[in-house]
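Beneath this line is the structure, given in structure tokens, with notes to follow.
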Amino acid sequence: MSAFRTATGGRIDRSRVIEFEFDGVRYTGLAGDTLASALLANGVHLMGRSFKYHRPRGVLGAGAEEPNALVGVWRDEARYTPNLRATTVELYAGLKAESQNRSPSLTVDKGSVNSLLSPFIPAGFYYKTFMWPKGAWKSLYEPAIREAAGLGRAPRLADPDRYGNRHAHCDVLVIGAGPAGIAAARAAAAAGASVILCDEQAEFGGSLLADPTAEIDGQPAAQWLAASLAELSAASRVTLLGRTTAFGYFPHNHVGLNQKLTDHLDKPAEGAIRERLWQVRASQVLIAQGAIERPLVFPGNDLPGILLASAARTYLNRYGVRVGEQIAVVTAHDAAYQTAFELKAAGAGIAVIADVRADVDAALLEQAAGLGITVRRAATVLGTTGKLRVTGLVLGSVSGEAVQAGDTIACDAVIMSGGFTPSVHLHSQSRGKLEWQPALGAFVPGEAAEATLSAGACRGVFGLAAVLNDGAAQGAAAATAAGHGAGVRTYQASEAARHGGGFLGALPQPGGKPGKKAFLDWQNDVTTRDIALAIREGFVSVEHVKRYTTNGMATDQGKTSNMNALALVAATLGKPIPECGLTTFRMPYTPVTFGSFAGYSRGDLFEPVRRTAIHDWAREHGAVFEDVGAWKRARYFPRGGEDMHEAVNRECIALRHGCGIFDASTLGKIEVVGPDAATFLERLYVNSWANLKVGRSRYGILCREDGFVYDDGVIARLAEDRFHVTTTTGGAARVYAFMEDYLQTEWQDLRVWLTSITEQYSVIAVQGPNARRVLEPLIEGVDLSATALPHMGVATGRILGVPMRLFRVSFTGELGFEVNVPADYGRAVWEAIFASGESHGIVPYGTEAMHVLRAEKGYIIVGQETDGTLTPDDAGLGWAIGRQKADFVGKRSLARASMQTADRKQLVGLRTVDPAVVLEEGAQIVDSPGQTPPMRLIGHVTSSYHSAVLGHSIALAVVRGGRARLGHTLYVPMPEGDIPVTVTSTVFYDADGARLHG
Amino acid sequence: MLQIQCPYCGVRPESEFAYGGEAHIARPTDPSTLNDDQWAEFLYMRTNTKGVHAERWRHARGCNRFFNALRDTTSDRFLAFYRTGEPRPVLAGGKP
Ligand SMILES: [Zn+2]
């Protein structure tokens, strides 16, 4: 047994010895230990180096408040977790941990030269120093800072573990399972409320776990705890969540819980869920977070071996570990006396109790004297001695304003207490107000913003009996507020520790000057001098001081530092503390892994993928897919080693000479039905619809009220009261919402019903001079001849016996049909058409060929040619507007003078003078060569391809006053020089449409 | 995440809804009678309220109905939910 482990007591299992490794050295601990308690039992205090100065650091606390002892825990290369607090890492067999911020080792660290340089790297150093020279940031400063700073390193392999996600609802969520939380949960459960009780620790009980002599209702606290927890676990409406941190409090009583499930296990089961994110929606949230002890601020207060008195008590009573052999106590609070007495009883020497206060309770002094412990009153600390571990405490004495130097007390540990700060993190996160309690020297929860109650030490209630009774009362109140009437019960309790005193700010130093290296924020290496400097430089708001000095930032969120820093700011400014205000607490309360937030949304489950009924056929035929929104679309079908360019050329030529087949199923489809369907479309689309005959379709353009093109698509009239509207693939959902908006909120007089049928139909485009010959043998009940079914004609019938809506439409400029069949038959019909087409040279083509073919005809793609600032006329579609209509969405905006000026950007075609040059899409256009920036830009290229059928490149572009520039030469300036282009019509192929109408 | 009460379905999480901008901005019945300034007023000008704001929501992943809500933009509290076409409710205490 190690020298620092007590012979008896504690909640560790002395029969189970556990081997572990820290920085490559093997140690043993006991089941129930944390990494920190096990290291302390081995006499190891040095557990890390500080973030900025690389100063050696030991543990300061014993729980989530720990700012120093951040370690990386290595299970395997993929399961390396940085920045864990050694105080919250449960020991398991074979645990391997390493310290951070040190190179090469904890005891010898070359970065600690920063500490020598510290006069030159005060607050704001990063903001001031690395500003110049400009180029040095990337090459010099950033790499050096990244090497020296940073908190831990990321694991080098992808996370192999599973993370869960659960939603839960309850009447009362109790956060914190100390005496207040347990009493509250019992009260709420007794009233019949559904309760979730969570606690970040492995074991429920909070402060009771470190208080072996406390009694509740006449029985030892440990027994009461066990009985209470047994009662709660047996209750059917109570859920107990251990190792579960309430990390964030969101609007409408939505609380995020992070539950750790396997990190404490020797060998987690394969596939076990490692962490679970709970999203709890509670009608009442009861916060019982407790309080965190404040360190005292004095020069050299960060040496290993100096820690909080409450932490020392936890190590002693919960883990059976003495934090030193000869311990000095510095305190401004009564509770530290009891810790000193208990340490003494456990065999440690107490070198001194230095009390900052002049007046100390006589009973405490008497008890100390009885144990032979020297107490110095009106004491202060002027410094410490030691390098990697504290060896002495330099005391001083205070008399009025004067501070006198005193002697140095030899010791191997210092425990300190500045009193307790109620943990108001979650209350503050919920936007609840805070109230200053002068008697307590603390902020406590004030007016709540949510349905929130607090109980116990987190609202400034101290003392076991008071805490239990507050918990019971607040638990009953929460249950009542949630609709379950409850009576209030009371507890009798006693404990050895006393609760009085407290100190804020920095301990007095000679001459009233801030001492050297008196740390306020251990994690961010902020000293009293940094605060003084920030204020000298004009930062007077605490929020600004926080950002300039970094006090209370990052993963620590000021748990141990906020109040001392605030008190110091207030004292320096000569203002009362409540006037300075407190900085805002941010979520997360303690760090949460990315895995927990990602949950199941990883890999294949990251985002749902939409596939058409024909997807698998395309995959089997070698399609290369592209993402279009959530859809996978076949982009091209390469054969025998073709690249995309070769495949697309072949697909285009084959279609123009024979036949192509294309999966257009992703097009949005909305059925608009009702007696007023035509009127509805009249009001919405720019075109006329009243005069559209049944069995005919029309190309429709939809604008927003601002007059700019929003979507387009073919709309077919299947019956007087039934329209089949198609939209762009990407626009399907928003056009449907847009239609519903007008229908539900503006035109409630219209009898129209909308149904999205995008997923219900497979759409098979059959295009090319042979299209009719390919389809004819398969179709029943529809005459495909040009006279019976002309261009834009629509018919219903059957294909292979399957009901079909057949559109004679073309997005290629060739004779074309679009076969709409129920999606379940999509693949079968596709295969039948493909088989029928094989003797007619049919080829499958993808979206890339589709883009080229439509560009050869000058057909726009909304979102490619248009960018939200083009009117129908700008896009060359003015012909589609129903001029005689009194109104449609966007008409009034189109009537504005600026929407009709001659120099608006208009869609034109471009041909490069050199036919082999394919312009870059997005390239800018100027009207004269040889310009240097800034140039007068008159437009840009929207689409650009090589046209195989034409044997030259083609492009579409929007150009200021473009239609008046037909035949003009413009220039596309590129890094290699200007590319001359000629403005042409947008139609490059079959301008008179003979092929289309064939 | 906010909790929103669809007047047709009940209380649901915000992720089921789409925001629809300020409520009670009716499209003019005959836009052609408006001058450019009046049309711009309808099209672009919004109150940007600090305090109680009447706004539209759509239960996009539910019943797909539009409805209105009063929300205090300073606290993110909903004060009332009501159906499209119903007048803006008067809150207790007479606040609009
Ligand atoms: Zn609904």
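Labels used: A, B, ... for chains in the order of the structure tokens, numbers from 1 for residues in each chain, and numbers from 1 for ligands as shown.
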Practice item. Do a neighbour search on segment 30-39 of chain B at 12 Å with only C-alpha atoms, toss out local chain neighbours closer than 2 positions, and write the hits as a list of chain:residue names. Key: A:Arg683, A:Glu705, A:Asp706, A:Gly707, A:Lys885, A:Ala886, A:Asp887, A:Phe888, A:Val889, A:Gly890, A:Lys891, A:Arg892, A:Ser893, A:Leu894, A:Ala895, A:Arg896, A:Ala897, A:Ser898, A:Met899, B:Ala26, B:Arg27, B:Pro28, B:Glu41, B:Phe42, B:Leu43, B:Tyr44, B:Met45
Contacts from chain A to chain B, 7 Å maximum, only C-alpha atoms: show me the residue list as a compact mmCIF listing (two decimals) with all heavy atoms, in the first residue's frame.
# COMPACT_ATOMS: atom_id res chain seq x y z
N PHE A 250 -31.18 24.94 -22.88
CA PHE A 250 -31.66 25.61 -24.08
C PHE A 250 -33.10 26.08 -23.89
O PHE A 250 -33.76 25.66 -22.93
CB PHE A 250 -31.53 24.66 -25.28
CG PHE A 250 -30.14 24.08 -25.40
CD1 PHE A 250 -29.85 22.80 -24.94
CD2 PHE A 250 -29.10 24.85 -25.92
CE1 PHE A 250 -28.56 22.28 -25.03
CE2 PHE A 250 -27.82 24.33 -26.00
CZ PHE A 250 -27.54 23.06 -25.56
N PRO A 251 -33.60 26.94 -24.79
CA PRO A 251 -34.93 27.52 -24.59
C PRO A 251 -36.03 26.47 -24.43
O PRO A 251 -35.92 25.36 -24.94
CB PRO A 251 -35.16 28.34 -25.86
CG PRO A 251 -33.80 28.68 -26.32
CD PRO A 251 -32.93 27.50 -25.96
N HIS A 252 -37.06 26.87 -23.73
CA HIS A 252 -38.26 26.06 -23.50
C HIS A 252 -37.93 24.77 -22.75
O HIS A 252 -38.39 23.69 -23.09
CB HIS A 252 -38.97 25.75 -24.83
CG HIS A 252 -39.49 27.01 -25.49
ND1 HIS A 252 -40.41 27.01 -26.51
CD2 HIS A 252 -39.20 28.31 -25.28
CE1 HIS A 252 -40.66 28.25 -26.89
NE2 HIS A 252 -39.94 29.06 -26.15
N HIS A 254 -35.37 22.85 -22.48
CA HIS A 254 -34.75 21.80 -23.26
C HIS A 254 -33.31 21.69 -22.74
O HIS A 254 -32.55 22.63 -22.84
CB HIS A 254 -34.77 22.23 -24.74
CG HIS A 254 -34.39 21.16 -25.69
ND1 HIS A 254 -33.55 21.41 -26.74
CD2 HIS A 254 -34.74 19.87 -25.78
CE1 HIS A 254 -33.41 20.29 -27.44
NE2 HIS A 254 -34.12 19.35 -26.88
N GLN A 744 -53.04 28.93 -48.80
CA GLN A 744 -53.55 28.93 -47.43
C GLN A 744 -53.72 30.33 -46.85
O GLN A 744 -54.58 30.55 -46.01
CB GLN A 744 -52.61 28.15 -46.51
CG GLN A 744 -52.59 26.65 -46.72
CD GLN A 744 -51.68 25.97 -45.72
OE1 GLN A 744 -51.58 26.39 -44.57
NE2 GLN A 744 -51.00 24.92 -46.16
N THR A 745 -52.85 31.27 -47.28
CA THR A 745 -52.84 32.55 -46.57
C THR A 745 -53.35 33.72 -47.40
O THR A 745 -53.77 34.72 -46.84
CB THR A 745 -51.43 32.89 -46.06
OG1 THR A 745 -50.60 33.22 -47.16
CG2 THR A 745 -50.82 31.73 -45.30
N GLU A 746 -53.30 33.62 -48.73
CA GLU A 746 -53.74 34.76 -49.54
C GLU A 746 -55.04 34.48 -50.28
O GLU A 746 -55.88 35.36 -50.43
CB GLU A 746 -52.66 35.14 -50.57
CG GLU A 746 -51.33 35.59 -49.96
CD GLU A 746 -51.42 36.95 -49.25
OE1 GLU A 746 -52.47 37.62 -49.33
OE2 GLU A 746 -50.43 37.32 -48.61
N ARG A 892 -46.39 43.17 -60.62
CA ARG A 892 -46.23 44.57 -60.22
C ARG A 892 -44.74 44.96 -60.19
O ARG A 892 -44.37 46.06 -60.59
CB ARG A 892 -46.88 44.80 -58.85
CG ARG A 892 -46.73 46.22 -58.32
CD ARG A 892 -47.42 47.24 -59.24
NE ARG A 892 -47.12 48.62 -58.86
CZ ARG A 892 -46.02 49.28 -59.22
NH1 ARG A 892 -45.08 48.68 -59.94
NH2 ARG A 892 -45.84 50.54 -58.84
N ARG A 896 -41.98 47.95 -62.71
CA ARG A 896 -41.09 49.04 -62.29
C ARG A 896 -40.15 49.40 -63.43
O ARG A 896 -39.70 48.53 -64.19
CB ARG A 896 -40.29 48.63 -61.05
CG ARG A 896 -41.13 48.44 -59.81
CD ARG A 896 -40.33 47.78 -58.70
NE ARG A 896 -39.13 48.55 -58.39
CZ ARG A 896 -37.93 48.02 -58.19
NH1 ARG A 896 -37.76 46.72 -58.29
NH2 ARG A 896 -36.89 48.79 -57.93
Exercise for review: Could you pull out the residues sitting within 9 Å of ligand 1, using only C-alpha atoms and all ligand atoms, and write them as a list of chain:residue names?
Suggested key: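 Every residue with an atom at most 9 Å from ligand 1 is listed here: B:Gln5, B:Cys6, B:Pro7, B:Tyr8, B:Cys9, B:Gly10, B:Val11, B:Arg12, B:Glu16, B:Phe17, B:Arg58, B:His59, B:Ala60, B:Arg61, B:Gly62, B:Cys63, B:Asn64, B:Arg65, B:Phe66, B:Phe67.
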Exercise for review: Do a neighbour search on Val569 of chain A at 9 Å with only C-alpha atoms, toss out local chain neighbours closer than 5 positions, and write the hits as a list in words.
Suggested key: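 Near neighbours after the sequence-gap exclusion: Gly505, Ile531, Ala532, Ile535, Val540, Ser541, Val542, Val545, Asn564, Gly574, Lys575, Ile577 and Cys580 of chain A.
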Practice item. Would you list the contacts of segment 152-168 of chain A as a list in words, taking every protein, DNA or RNA residue within 7 Å and counting only C-alpha atoms, but skipping same-chain residues closer than 5 positions in sequence? Key: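 These residues fall inside the cut-off: Gly72, Glu77, Ala78, Arg79, Tyr80, Thr81, Pro82, Asn83, Gln100, Asn101, Gly271, Ala272, Ile273, Arg274, Glu275, Arg276, Leu277, Trp278, Gln279, Val280, Arg281, Gly595, Ser596, Gly599 and Tyr600 of chain A.
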Check your understanding: In Å, with one decimal, what is the gap from atom CA of Phe519 of chain A to atom CA of Leu308 of chain A?
Key -> 13.7 Å
Study note, to complete from the structure: In Å and to one decimal, atom CA of Gly731 of chain A is distant from atom CA of Met644 of chain A by 26.7 Å
Revision key, fill the gap. From atom CA of Ala481 of chain A to atom CA of Asp72 of chain B the spacing works out at 22.7 Å
Point to revise | Exercise: Ile938 of chain A partners within 9 Å, only C-alpha atoms, chain neighbours under 3 positions left out, as a list in words | key: Lys905, Gln924, Ile925, Val926, Asp927, Val958, Val959, Arg960 and Gly961 of chain A
Would you export the selected residues with N, CA and C atoms as an mmCIF file, in the first residue's frame, please?
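And here's part27.cif as it stands now:
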data_model
loop_
_atom_site.group_PDB
_atom_site.id
_atom_site.type_symbol
_atom_site.label_atom_id
_atom_site.label_comp_id
_atom_site.auth_asym_id
_atom_site.auth_seq_id
_atom_site.Cartn_x
_atom_site.Cartn_y
_atom_site.Cartn_z
ATOM 1 N N LYS A 905 -28.939 42.932 -67.559
ATOM 2 C CA LYS A 905 -28.225 41.744 -68.030
ATOM 3 C C LYS A 905 -29.219 40.833 -68.739
ATOM 4 N N GLN A 924 -15.938 36.229 -66.086
ATOM 5 C CA GLN A 924 -16.484 37.560 -66.300
ATOM 6 C C GLN A 924 -16.269 37.998 -67.752
ATOM 7 N N ILE A 925 -17.065 38.993 -68.175
ATOM 8 C CA ILE A 925 -17.024 39.452 -69.567
ATOM 9 C C ILE A 925 -16.811 40.957 -69.582
ATOM 10 N N VAL A 926 -15.938 41.420 -70.495
ATOM 11 C CA VAL A 926 -15.704 42.859 -70.669
ATOM 12 C C VAL A 926 -15.902 43.200 -72.145
ATOM 13 N N ASP A 927 -16.022 44.520 -72.427
ATOM 14 C CA ASP A 927 -16.343 44.862 -73.812
ATOM 15 C C ASP A 927 -15.153 45.365 -74.625
ATOM 16 N N VAL A 958 -24.949 35.943 -69.403
ATOM 17 C CA VAL A 958 -25.776 37.133 -69.225
ATOM 18 C C VAL A 958 -24.873 38.344 -69.388
ATOM 19 N N VAL A 959 -25.321 39.270 -70.244
ATOM 20 C CA VAL A 959 -24.498 40.426 -70.610
ATOM 21 C C VAL A 959 -25.383 41.669 -70.600
ATOM 22 N N ARG A 960 -24.848 42.759 -70.057
ATOM 23 C CA ARG A 960 -25.601 44.027 -70.041
ATOM 24 C C ARG A 960 -26.020 44.410 -71.456
ATOM 25 N N GLY A 961 -27.304 44.655 -71.634
ATOM 26 C CA GLY A 961 -27.813 45.017 -72.962
ATOM 27 C C GLY A 961 -27.431 43.987 -74.012
#
**Study point:** Residues of segment 161-192 of chain A in helix (DSSP H, G or I), written as a count of residues only
**Key:** 12
